file protein_37.tsv (TSV, C-alpha atoms and all ligand atoms)
chain	number	residue	atom	x	y	z
A	1	MET	CA	91.02	73.16	112.79
A	2	LYS	CA	89.23	76.46	113.44
A	3	ARG	CA	89.44	79.23	110.87
A	4	ASP	CA	89.36	83.00	111.41
A	5	LEU	CA	88.66	86.13	109.39
A	6	LYS	CA	91.35	88.49	110.68
A	7	SER	CA	92.03	89.80	107.20
A	8	LEU	CA	91.03	88.66	103.70
A	9	GLN	CA	94.38	86.90	103.59
A	10	ASP	CA	92.72	84.18	105.70
A	11	PHE	CA	90.55	83.21	102.72
A	12	SER	CA	91.62	82.00	99.29
A	13	SER	CA	90.26	83.58	96.10
A	14	LYS	CA	88.15	80.48	95.58
A	15	GLU	CA	86.67	80.72	99.06
A	16	ILE	CA	85.85	84.40	98.57
A	17	LEU	CA	83.99	83.63	95.36
A	18	GLU	CA	82.14	80.84	97.17
A	19	LEU	CA	81.17	83.31	99.94
A	20	LEU	CA	79.85	85.72	97.30
A	21	LYS	CA	77.55	83.06	95.88
A	22	VAL	CA	76.24	82.04	99.31
A	23	ALA	CA	75.65	85.68	100.32
A	24	ILE	CA	73.75	86.43	97.10
A	25	ASP	CA	71.59	83.32	97.68
A	26	LEU	CA	70.96	84.31	101.28
A	27	LYS	CA	69.85	87.75	100.11
A	28	LYS	CA	67.31	86.16	97.77
A	29	CYS	CA	65.74	84.34	100.74
A	30	LYS	CA	65.71	87.57	102.73
A	31	GLY	CA	63.68	87.33	105.92
A	32	ARG	CA	63.27	83.56	105.73
A	33	LEU	CA	64.43	82.21	109.09
A	34	ARG	CA	66.85	79.31	109.22
A	35	ASN	CA	68.17	77.11	111.97
A	36	ASP	CA	71.79	76.69	110.87
A	37	LEU	CA	73.11	78.44	113.97
A	38	LYS	CA	70.53	77.07	116.40
A	39	GLY	CA	72.09	76.83	119.86
A	40	LYS	CA	75.17	78.84	118.76
A	41	SER	CA	76.30	82.03	120.46
A	42	VAL	CA	78.44	84.77	118.96
A	43	GLY	CA	80.23	87.33	121.14
A	44	LEU	CA	80.62	90.88	119.85
A	45	ILE	CA	83.61	92.58	121.51
A	46	PHE	CA	83.55	96.25	120.54
A	47	GLN	CA	86.21	98.74	121.62
A	48	LYS	CA	84.71	101.41	119.31
A	49	PRO	CA	81.16	102.49	118.37
A	50	SER	CA	79.24	100.82	115.55
A	51	ASN	CA	75.89	100.92	113.79
A	52	ARG	CA	76.17	98.60	110.76
A	53	THR	CA	78.61	96.01	112.08
A	54	ARG	CA	76.85	95.46	115.37
A	55	VAL	CA	73.28	95.49	114.09
A	56	SER	CA	73.98	93.40	110.98
A	57	PHE	CA	75.72	90.72	113.05
A	58	GLU	CA	73.03	90.71	115.75
A	59	VAL	CA	70.14	90.50	113.30
A	60	GLY	CA	71.97	88.14	110.92
A	61	VAL	CA	72.80	85.67	113.69
A	62	SER	CA	69.25	85.78	114.99
A	63	GLN	CA	67.90	85.09	111.46
A	64	LEU	CA	70.10	81.98	111.43
A	65	GLY	CA	68.67	80.80	114.75
A	66	GLY	CA	71.61	81.78	116.98
A	67	GLN	CA	72.15	84.51	119.54
A	68	CYS	CA	74.66	87.31	120.09
A	69	VAL	CA	76.17	88.67	123.28
A	70	TYR	CA	77.28	92.29	122.96
A	71	LEU	CA	80.38	93.13	124.97
A	72	GLY	CA	81.07	96.86	124.80
A	73	PRO	CA	84.15	98.67	126.09
A	74	GLU	CA	82.79	98.79	129.64
A	75	GLU	CA	82.23	95.06	130.01
A	76	ILE	CA	85.47	93.55	128.79
A	77	ASN	CA	88.00	96.36	128.80
A	78	LEU	CA	90.42	94.19	126.79
A	79	GLY	CA	93.97	94.16	128.08
A	80	LYS	CA	93.14	96.40	131.04
A	81	ARG	CA	90.70	94.56	133.29
A	82	GLU	CA	92.00	91.26	131.95
A	83	SER	CA	94.59	90.18	129.39
A	84	THR	CA	93.44	89.54	125.82
A	85	GLU	CA	94.73	85.98	126.23
A	86	ASP	CA	92.50	85.31	129.27
A	87	VAL	CA	89.50	86.91	127.57
A	88	ALA	CA	90.00	84.73	124.48
A	89	LYS	CA	90.40	81.55	126.53
A	90	THR	CA	87.39	82.28	128.75
A	91	LEU	CA	85.04	83.28	125.94
A	92	SER	CA	86.01	80.15	123.99
A	93	ARG	CA	84.36	78.12	126.78
A	94	TYR	CA	81.00	79.91	126.34
A	95	LEU	CA	80.76	81.04	122.75
A	96	ASP	CA	81.01	79.57	119.25
A	97	ALA	CA	82.58	82.61	117.54
A	98	ILE	CA	83.90	86.06	118.39
A	99	VAL	CA	83.48	89.22	116.33
A	100	ALA	CA	85.89	91.91	117.52
A	101	ARG	CA	86.24	95.61	116.70
A	102	THR	CA	89.53	96.83	118.12
A	103	PHE	CA	91.91	99.76	118.03
A	104	SER	CA	95.03	97.70	117.32
A	105	HIS	CA	95.06	94.88	114.78
A	106	GLN	CA	97.45	93.09	117.11
A	107	THR	CA	94.52	92.58	119.52
A	108	ILE	CA	92.65	90.68	116.77
A	109	VAL	CA	95.75	88.58	116.16
A	110	GLU	CA	96.06	87.79	119.88
A	111	LEU	CA	92.38	86.94	120.21
A	112	SER	CA	92.69	84.55	117.29
A	113	GLN	CA	95.88	83.04	118.69
A	114	TYR	CA	94.36	82.18	122.07
A	115	ALA	CA	90.71	81.52	121.15
A	116	THR	CA	89.74	78.00	120.15
A	117	ILE	CA	86.74	79.39	118.24
A	118	PRO	CA	86.69	81.47	115.03
A	119	VAL	CA	87.56	85.15	115.41
A	120	ILE	CA	86.11	87.64	112.90
A	121	ASN	CA	87.62	91.09	112.52
A	122	GLY	CA	84.81	93.66	112.73
A	123	LEU	CA	87.33	96.49	112.02
A	124	SER	CA	90.81	97.14	113.32
A	125	ASP	CA	93.31	99.90	112.56
A	126	LEU	CA	94.61	97.83	109.62
A	127	PHE	CA	91.65	95.98	108.12
A	128	HIS	CA	87.88	95.85	107.69
A	129	PRO	CA	87.38	92.51	105.89
A	130	CYS	CA	83.60	92.21	106.46
A	131	GLN	CA	83.16	95.59	104.79
A	132	ALA	CA	85.27	94.65	101.76
A	133	LEU	CA	83.39	91.37	101.29
A	134	ALA	CA	80.06	93.23	101.31
A	135	ASP	CA	81.56	95.78	98.91
A	136	ILE	CA	82.58	93.23	96.31
A	137	MET	CA	79.17	91.61	96.69
A	138	SER	CA	77.60	94.99	95.90
A	139	ILE	CA	79.86	95.45	92.85
A	140	GLN	CA	79.08	91.93	91.63
A	141	GLU	CA	75.34	92.69	91.99
A	142	LYS	CA	75.54	95.97	90.09
A	143	PHE	CA	77.87	94.93	87.25
A	144	GLY	CA	77.49	91.13	87.18
A	145	ARG	CA	81.26	90.69	87.40
A	146	LEU	CA	84.40	91.78	89.24
A	147	LYS	CA	87.06	91.20	86.61
A	148	GLU	CA	87.90	94.31	84.57
A	149	ILE	CA	85.88	96.54	86.93
A	150	ASN	CA	87.84	99.72	87.69
A	151	ILE	CA	87.57	100.99	91.25
A	152	ALA	CA	88.86	104.41	92.31
A	153	PHE	CA	89.46	104.67	96.05
A	154	ILE	CA	90.03	108.29	97.00
A	155	GLY	CA	91.07	109.30	100.51
A	156	ASP	CA	92.90	107.70	103.39
A	157	GLY	CA	94.99	104.55	102.70
A	158	ASN	CA	93.65	103.04	105.89
A	159	ASN	CA	91.72	99.94	107.09
A	160	VAL	CA	88.86	100.12	104.55
A	161	CYS	CA	91.26	100.82	101.69
A	162	HIS	CA	93.55	97.93	102.69
A	163	SER	CA	90.74	95.39	102.76
A	164	LEU	CA	89.24	96.67	99.51
A	165	MET	CA	92.65	96.38	97.82
A	166	LEU	CA	93.01	92.81	99.07
A	167	ALA	CA	89.49	91.99	97.87
A	168	CYS	CA	90.43	93.34	94.42
A	169	GLY	CA	93.73	91.48	94.34
A	170	LYS	CA	91.97	88.25	95.22
A	171	THR	CA	89.05	88.56	92.80
A	172	GLY	CA	90.59	90.25	89.76
A	173	ALA	CA	88.97	93.70	90.06
A	174	ASN	CA	91.24	96.68	89.32
A	175	ILE	CA	91.84	99.42	91.87
A	176	HIS	CA	93.49	102.85	91.65
A	177	VAL	CA	94.06	104.41	95.06
A	178	ALA	CA	94.70	108.16	95.45
A	179	THR	CA	95.77	109.49	98.85
A	180	PRO	CA	97.56	112.58	100.10
A	181	LYS	CA	101.31	112.17	100.66
A	182	GLY	CA	101.92	110.44	103.98
A	183	TYR	CA	98.54	108.66	103.93
A	184	GLU	CA	99.42	105.93	101.43
A	185	PRO	CA	98.39	102.31	102.09
A	186	ASN	CA	100.73	100.31	104.30
A	187	ALA	CA	103.71	99.11	102.22
A	188	ASP	CA	103.62	95.50	103.52
A	189	ILE	CA	99.92	95.20	102.76
A	190	LEU	CA	100.46	96.66	99.29
A	191	GLN	CA	103.05	93.98	98.68
A	192	GLN	CA	100.59	91.26	99.75
A	193	VAL	CA	97.97	92.78	97.43
A	194	GLN	CA	100.39	92.81	94.51
A	195	LYS	CA	101.21	89.15	95.06
A	196	GLU	CA	97.51	88.28	94.92
A	197	ALA	CA	96.99	90.53	91.89
A	198	HIS	CA	99.75	88.75	90.06
A	199	LYS	CA	97.72	85.52	90.31
A	200	THR	CA	94.32	86.98	89.31
A	201	GLY	CA	95.39	89.62	86.76
A	202	SER	CA	94.02	92.48	88.88
A	203	LYS	CA	95.67	95.86	88.20
A	204	ILE	CA	96.67	97.77	91.33
A	205	LYS	CA	97.78	101.42	91.23
A	206	VAL	CA	98.62	103.74	94.10
A	207	GLY	CA	99.17	107.46	93.57
A	208	TYR	CA	98.33	110.94	94.75
A	209	SER	CA	96.01	112.29	92.07
A	210	PRO	CA	92.22	111.88	92.54
A	211	LYS	CA	91.78	113.07	88.93
A	212	GLU	CA	94.00	110.28	87.62
A	213	ALA	CA	92.38	107.66	89.83
A	214	ILE	CA	88.83	108.50	88.83
A	215	LYS	CA	89.40	108.49	85.04
A	216	GLY	CA	87.15	105.80	83.57
A	217	ALA	CA	86.19	104.44	87.00
A	218	ASP	CA	83.17	102.15	87.30
A	219	VAL	CA	83.22	102.46	91.08
A	220	VAL	CA	84.11	105.59	93.06
A	221	TYR	CA	84.78	104.78	96.72
A	222	ALA	CA	85.20	107.06	99.74
A	223	ASP	CA	85.89	106.56	103.44
A	224	VAL	CA	85.93	109.17	106.20
A	225	TRP	CA	88.96	111.42	106.51
A	226	VAL	CA	89.05	111.05	110.29
A	227	SER	CA	88.75	107.44	111.42
A	228	MET	CA	87.65	106.32	114.87
A	229	GLY	CA	90.53	106.94	117.26
A	230	GLN	CA	92.01	109.78	115.14
A	231	GLU	CA	89.72	112.53	116.47
A	232	ALA	CA	92.67	114.55	117.84
A	233	GLU	CA	94.01	114.91	114.26
A	234	ARG	CA	90.68	116.18	112.92
A	235	GLU	CA	91.60	119.80	112.07
A	236	GLU	CA	94.90	118.82	110.48
A	237	ARG	CA	93.31	116.02	108.44
A	238	LEU	CA	90.48	118.21	107.13
A	239	LYS	CA	93.10	120.51	105.62
A	240	ILE	CA	95.32	117.73	104.25
A	241	PHE	CA	92.43	115.86	102.59
A	242	GLN	CA	90.51	118.85	101.19
A	243	ASP	CA	91.48	118.14	97.56
A	244	TYR	CA	90.26	114.56	97.91
A	245	GLN	CA	86.55	115.33	98.16
A	246	ILE	CA	84.29	113.39	95.82
A	247	ASN	CA	82.07	115.99	94.16
A	248	GLN	CA	80.23	116.69	90.92
A	249	GLU	CA	83.30	118.13	89.23
A	250	LEU	CA	85.54	115.15	90.05
A	251	VAL	CA	83.04	112.45	89.01
A	252	LYS	CA	82.79	113.99	85.52
A	253	SER	CA	85.77	111.83	84.53
A	254	ALA	CA	84.28	108.60	85.89
A	255	ASN	CA	82.23	106.33	83.59
A	256	PRO	CA	78.74	107.80	83.15
A	257	ASP	CA	77.16	104.75	84.81
A	258	TYR	CA	79.64	104.71	87.71
A	259	ILE	CA	78.45	103.77	91.19
A	260	PHE	CA	79.39	105.69	94.31
A	261	MET	CA	80.31	103.61	97.34
A	262	HIS	CA	81.07	104.49	100.96
A	263	CYS	CA	81.45	102.20	103.96
A	264	LEU	CA	79.56	104.74	106.14
A	265	PRO	CA	79.30	106.58	108.46
A	266	ALA	CA	79.69	109.48	106.02
A	267	HIS	CA	80.45	113.14	106.56
A	268	ARG	CA	78.63	115.12	103.89
A	269	GLY	CA	80.64	118.17	102.90
A	270	GLU	CA	83.93	116.51	103.86
A	271	GLU	CA	84.93	113.38	101.89
A	272	VAL	CA	81.80	113.53	99.70
A	273	THR	CA	79.19	116.11	98.80
A	274	LYS	CA	75.51	115.57	99.57
A	275	GLU	CA	74.56	115.58	95.88
A	276	ILE	CA	76.88	112.63	95.22
A	277	ILE	CA	76.12	110.43	98.23
A	278	ASP	CA	72.38	111.12	98.00
A	279	GLY	CA	72.38	111.11	94.19
A	280	LYS	CA	71.28	108.51	91.65
A	281	ASN	CA	74.66	106.79	91.34
A	282	SER	CA	75.01	106.12	95.04
A	283	VAL	CA	74.61	102.54	96.30
A	284	VAL	CA	75.69	103.14	99.89
A	285	PHE	CA	72.59	101.63	101.51
A	286	ASP	CA	72.76	98.51	99.32
A	287	GLN	CA	76.30	98.16	100.60
A	288	ALA	CA	75.11	98.57	104.18
A	289	GLU	CA	72.39	95.95	103.66
A	290	ASN	CA	74.86	93.55	102.08
A	291	ARG	CA	76.96	93.60	105.25
A	292	MET	CA	74.30	91.41	106.85
A	293	HIS	CA	73.93	88.90	104.00
A	294	MET	CA	77.68	88.56	103.62
A	295	GLN	CA	78.34	88.16	107.34
A	296	LYS	CA	75.72	85.42	107.50
A	297	ALA	CA	77.65	83.65	104.73
A	298	VAL	CA	80.93	84.12	106.64
A	299	LEU	CA	79.40	82.67	109.82
A	300	LEU	CA	77.97	79.69	107.98
A	301	PHE	CA	81.36	79.15	106.39
A	302	LEU	CA	83.30	79.35	109.64
A	303	LEU	CA	80.82	77.55	111.88
A	304	LYS	CA	79.23	74.93	109.67
A	305	LYS	CA	81.86	73.93	107.20
A	306	PHE	CA	84.77	73.70	109.57
A	307	SER	CA	84.37	72.17	113.01
A	308	LYS	CA	86.17	73.79	115.92
B	1	LIG	N1	80.84	100.50	107.91
B	1	LIG	C1	80.82	100.17	109.21
B	1	LIG	O1	81.57	99.30	109.68
B	1	LIG	O2	79.89	100.83	109.94
B	1	LIG	P1	79.81	100.87	111.53
B	1	LIG	O3	81.05	101.57	112.03
B	1	LIG	O4	78.55	101.62	111.84
B	1	LIG	O5	79.77	99.45	112.05
B	2	LIG	N1	88.04	104.13	108.42
B	2	LIG	C1	86.85	104.21	109.24
B	2	LIG	C2	85.87	103.17	108.83
B	2	LIG	C3	84.55	103.18	109.58
B	2	LIG	C4	83.66	102.05	109.19
B	2	LIG	C5	87.25	104.05	110.70
B	2	LIG	O1	88.14	103.25	111.00
B	2	LIG	O2	86.68	104.73	111.55

call {"tool": "encode", "arguments": {"input": "protein_37.tsv", "output": "C-alpha cells"}}
result
Amino acid sequence: MKRDLKSLQDFSSKEILELLKVAIDLKKCKGRLRNDLKGKSVGLIFQKPSNRTRVSFEVGVSQLGGQCVYLGPEEINLGKRESTEDVAKTLSRYLDAIVARTFSHQTIVELSQYATIPVINGLSDLFHPCQALADIMSIQEKFGRLKEINIAFIGDGNNVCHSLMLACGKTGANIHVATPKGYEPNADILQQVQKEAHKTGSKIKVGYSPKEAIKGADVVYADVWVSMGQEAEREERLKIFQDYQINQELVKSANPDYIFMHCLPAHRGEEVTKEIIDGKNSVVFDQAENRMHMQKAVLLFLLKKFSK
C-alpha cells in the first residue's frame, strides 16, 4: 500500500522520530553518494515559485542516485489543461513519487487519491510538512531534545504554523502561537493538534499577544506576513501584522540562548528585523540545509520501506 505525506497526520509520532534519526544520519554522511533511488524518478509539480523546496529535492534525489522532473505551472497547468485526476494517473505510469506545491490543499488530496505512487506535499494553503520536519530536526540538533522545548510562533496562523503545531503535538514540544485577530490557526487543525498533544504531553497555546508567546521561549519562529497567492492583500496585511514583528525589544523576554527560526523567504523589516535574522541566535540557514537531509529521509521512507 503506498503512503503519502500530505500532512504530518500521515505519519505517526514513532515514524516522525524514526525520520529524524535517519535525516541526522544522512547529514553526517553529507555529500556521500548513494544508490538507494537508482532508476527512480520523482516529479516536482509546482504551481508557485520555490528556491529551497525545489533545489533541495532535486539535489537530494540526485545524491540518492535518482532523477527529478520539474513540472512548473506552464507544463502541467493542473485542473486547467487537464484534470488533476488524469495528471495523477498519467504521472503514476512514469514516475515513482510526486512532490507537489499547490494553491489549494484539495489538489494535494486529489493527487494522492488518484496517484498510485507516493505524493509529498511541498506546500499547500494549509500545510508545509517538509518544512516542519526540517524544523524539528533543527531544534533537535540545537537542543538535543524536543520535549519541554518552548516554541513561540509569531505571525500568521497559516500553512507553516499548522505543520509546526502538528510537529509539536506529535513529538512533545510545546508551542505558543500569537496571531492577530482573524489570522488564527484553522480550528479543525487545532483540534487535531490538541488530540496529538494529549498523547505526547505537548502544551499547545493559541493567543494574540506576541509578548506572552515569547516569554521564556527557546525557539522564536516567524513566517512571512504575505504568503504566496495573497499578494493582493499586501498593504492591508502589513498594517494588521505590524505589532507582530520579531525585533530586539521583543526577544528580550525569550530565553537568552533562544534560537531564531524562519522558513524563508524572509522580508527583513517586516516580520523580522535584520539584526535578528542575521544575528547570532539565527539558525535559518541550518534549517534551509536540513530541508534536504530530511526530504531524503522522507523519500527513503516512502520509496524503500513501503512498496507501491
Ligand atoms: N521554505 C520554503 O519552502 O522555501 P521555498 O518557497 O523557497 O521552497
Ligand atoms: N507561508 C509562506 C511560506 C513560504 C515557504 C507561503 O505560503 O508563501

call {"tool": "closest_residue", "arguments": {"input": "protein_37.tsv", "among": "A:Lys199, A:Arg81, A:Arg291, A:Lys28", "to": "ligand LIG 1 (chain B)", "atoms": "only C-alpha atoms and all ligand atoms"}}
result
A:Arg291

call {"tool": "closest_residue", "arguments": {"input": "protein_37.tsv", "among": "A:Gly157, A:Gly144, A:Gly269, A:Gly43", "to": "Gly122 in chain A", "atoms": "all atoms listed in the file"}}
result
A:Gly43

call {"tool": "residues_around", "arguments": {"input": "protein_37.tsv", "residues": "Val283 in chain A", "least_positions_apart": "5", "cutoff": "10 Å", "atoms": "all atoms listed in the file", "output": "compact mmCIF listing (two decimals) with C-alpha atoms, in the coordinates of the input"}}
result
# COMPACT_ATOMS: atom_id res chain seq x y z
CA SER A 138 77.60 94.99 95.90
CA ILE A 139 79.86 95.45 92.85
CA LYS A 142 75.54 95.97 90.09
CA ILE A 259 78.45 103.77 91.19
CA PHE A 260 79.39 105.69 94.31
CA MET A 261 80.31 103.61 97.34
CA HIS A 262 81.07 104.49 100.96
CA ILE A 277 76.12 110.43 98.23
CA ASP A 278 72.38 111.12 98.00
CA ALA A 288 75.11 98.57 104.18

call {"tool": "closest_residue", "arguments": {"input": "protein_37.tsv", "among": "A:Glu231, A:Asp135, A:Asp25, A:Asp96", "to": "ligand LIG 1 (chain B)", "atoms": "all atoms listed in the file"}}
result
A:Asp135

call {"tool": "residues_near_ligand", "arguments": {"input": "protein_37.tsv", "ligand": "ligand LIG 2 (chain B)", "cutoff": "7 Å", "atoms": "all atoms listed in the file", "output": "list in words"}}
result
Leu123, Asp125, Asn158, Asn159, Val160, Asp223, Val224, Val226, Ser227, Met228, Cys263, Leu264 and Pro265 of chain A

call {"tool": "closest_residue", "arguments": {"input": "protein_37.tsv", "among": "A:Asn281, A:Ser56, A:Ser62, A:Gln245", "to": "ligand LIG 1 (chain B)", "atoms": "all atoms listed in the file"}}
result
A:Ser56

call {"tool": "residues_around", "arguments": {"input": "protein_37.tsv", "residues": "Thr171 in chain A", "least_positions_apart": "5", "cutoff": "8 Å", "atoms": "all atoms listed in the file", "output": "list in words"}}
result
Ser13, Ile16, Leu17, Leu146, Lys147, Thr200 and Ser202 of chain A

call {"tool": "write_last_selection", "arguments": {"input": "protein_37.tsv", "atoms": "C-alpha atoms", "output": "mmCIF file, in the coordinates of the input"}}
result
data_model
loop_
_atom_site.group_PDB
_atom_site.id
_atom_site.type_symbol
_atom_site.label_atom_id
_atom_site.label_comp_id
_atom_site.auth_asym_id
_atom_site.auth_seq_id
_atom_site.Cartn_x
_atom_site.Cartn_y
_atom_site.Cartn_z
ATOM 1 C CA SER A 13 90.260 83.580 96.100
ATOM 2 C CA ILE A 16 85.850 84.400 98.570
ATOM 3 C CA LEU A 17 83.990 83.630 95.360
ATOM 4 C CA LEU A 146 84.400 91.780 89.240
ATOM 5 C CA LYS A 147 87.060 91.200 86.610
ATOM 6 C CA THR A 200 94.320 86.980 89.310
ATOM 7 C CA SER A 202 94.020 92.480 88.880
#

call {"tool": "closest_residue", "arguments": {"input": "protein_37.tsv", "among": "A:Gln287, A:Ser50, A:Asn35, A:Ser83", "to": "ligand LIG 1 (chain B)", "atoms": "all atoms listed in the file"}}
result
A:Ser50

call {"tool": "residues_around", "arguments": {"input": "protein_37.tsv", "residues": "range 4-6 of chain A", "least_positions_apart": "3", "cutoff": "8 Å", "atoms": "all atoms listed in the file", "output": "PyMOL selection string"}}
result
chain A and resi 9-11+108-109+112+118-121+127+129+302

call {"tool": "write_last_selection", "arguments": {"input": "protein_37.tsv", "atoms": "C-alpha atoms", "output": "JSON list (two decimals), in the frame of the given file"}}
result
[["chain", "number", "residue", "atom", "x", "y", "z"],
["A", 9, "GLN", "CA", 94.38, 86.90, 103.59],
["A", 10, "ASP", "CA", 92.72, 84.18, 105.70],
["A", 11, "PHE", "CA", 90.55, 83.21, 102.72],
["A", 108, "ILE", "CA", 92.65, 90.68, 116.77],
["A", 109, "VAL", "CA", 95.75, 88.58, 116.16],
["A", 112, "SER", "CA", 92.69, 84.55, 117.29],
["A", 118, "PRO", "CA", 86.69, 81.47, 115.03],
["A", 119, "VAL", "CA", 87.56, 85.15, 115.41],
["A", 120, "ILE", "CA", 86.11, 87.64, 112.90],
["A", 121, "ASN", "CA", 87.62, 91.09, 112.52],
["A", 127, "PHE", "CA", 91.65, 95.98, 108.12],
["A", 129, "PRO", "CA", 87.38, 92.51, 105.89],
["A", 302, "LEU", "CA", 83.30, 79.35, 109.64]]

call {"tool": "closest_residue", "arguments": {"input": "protein_37.tsv", "among": "A:Gly182, A:Gly155, A:Gly172, A:Pro49", "to": "ligand LIG 1 (chain B)", "atoms": "only C-alpha atoms and all ligand atoms"}}
result
A:Pro49

call {"tool": "axis_aligned_box", "arguments": {"input": "protein_37.tsv", "around": "ligand LIG 1 (chain B)", "padding_each_side": "3 Å", "output": "JSON"}}
result
{"center_x": 80.1, "center_y": 100.5, "center_z": 110.0, "size_x": 9.0, "size_y": 8.3, "size_z": 10.1}

call {"tool": "build_atoms", "arguments": {"input": "protein_37.tsv", "residues": "range 150-157 of chain A", "atoms": "all heavy atoms", "output": "compact mmCIF listing (two decimals), in the coordinates of the input"}}
result
# COMPACT_ATOMS: atom_id res chain seq x y z
N ASN A 150 86.84 98.76 87.21
CA ASN A 150 87.84 99.72 87.69
C ASN A 150 87.30 100.49 88.88
O ASN A 150 86.30 101.20 88.78
CB ASN A 150 88.19 100.73 86.58
CG ASN A 150 88.85 100.03 85.41
OD1 ASN A 150 89.75 99.20 85.59
ND2 ASN A 150 88.38 100.32 84.21
N ILE A 151 87.99 100.32 90.01
CA ILE A 151 87.57 100.99 91.25
C ILE A 151 88.55 102.12 91.55
O ILE A 151 89.77 101.92 91.49
CB ILE A 151 87.58 99.98 92.44
CG1 ILE A 151 86.66 98.79 92.11
CG2 ILE A 151 87.17 100.67 93.75
CD1 ILE A 151 86.70 97.66 93.13
N ALA A 152 88.00 103.30 91.86
CA ALA A 152 88.86 104.41 92.31
C ALA A 152 88.59 104.59 93.80
O ALA A 152 87.45 104.88 94.19
CB ALA A 152 88.50 105.68 91.56
N PHE A 153 89.60 104.38 94.61
CA PHE A 153 89.46 104.67 96.05
C PHE A 153 90.18 105.98 96.30
O PHE A 153 91.39 106.10 96.07
CB PHE A 153 90.07 103.55 96.91
CG PHE A 153 89.94 103.84 98.39
CD1 PHE A 153 88.90 103.30 99.13
CD2 PHE A 153 90.84 104.68 99.04
CE1 PHE A 153 88.75 103.60 100.48
CE2 PHE A 153 90.70 104.99 100.38
CZ PHE A 153 89.66 104.45 101.11
N ILE A 154 89.44 106.96 96.82
CA ILE A 154 90.03 108.29 97.00
C ILE A 154 89.94 108.69 98.46
O ILE A 154 88.84 108.75 99.03
CB ILE A 154 89.30 109.30 96.07
CG1 ILE A 154 89.63 108.91 94.61
CG2 ILE A 154 89.74 110.74 96.36
CD1 ILE A 154 88.81 109.59 93.59
N GLY A 155 91.07 108.90 99.10
CA GLY A 155 91.07 109.30 100.51
C GLY A 155 92.21 108.71 101.30
O GLY A 155 93.36 108.75 100.85
N ASP A 156 91.88 108.16 102.46
CA ASP A 156 92.90 107.70 103.39
C ASP A 156 93.26 106.23 103.11
O ASP A 156 92.38 105.37 103.05
CB ASP A 156 92.33 107.83 104.82
CG ASP A 156 93.40 107.71 105.90
OD1 ASP A 156 94.59 107.58 105.56
OD2 ASP A 156 93.02 107.75 107.09
N GLY A 157 94.53 105.94 102.96
CA GLY A 157 94.99 104.55 102.70
C GLY A 157 94.98 103.75 103.99
O GLY A 157 96.03 103.27 104.44
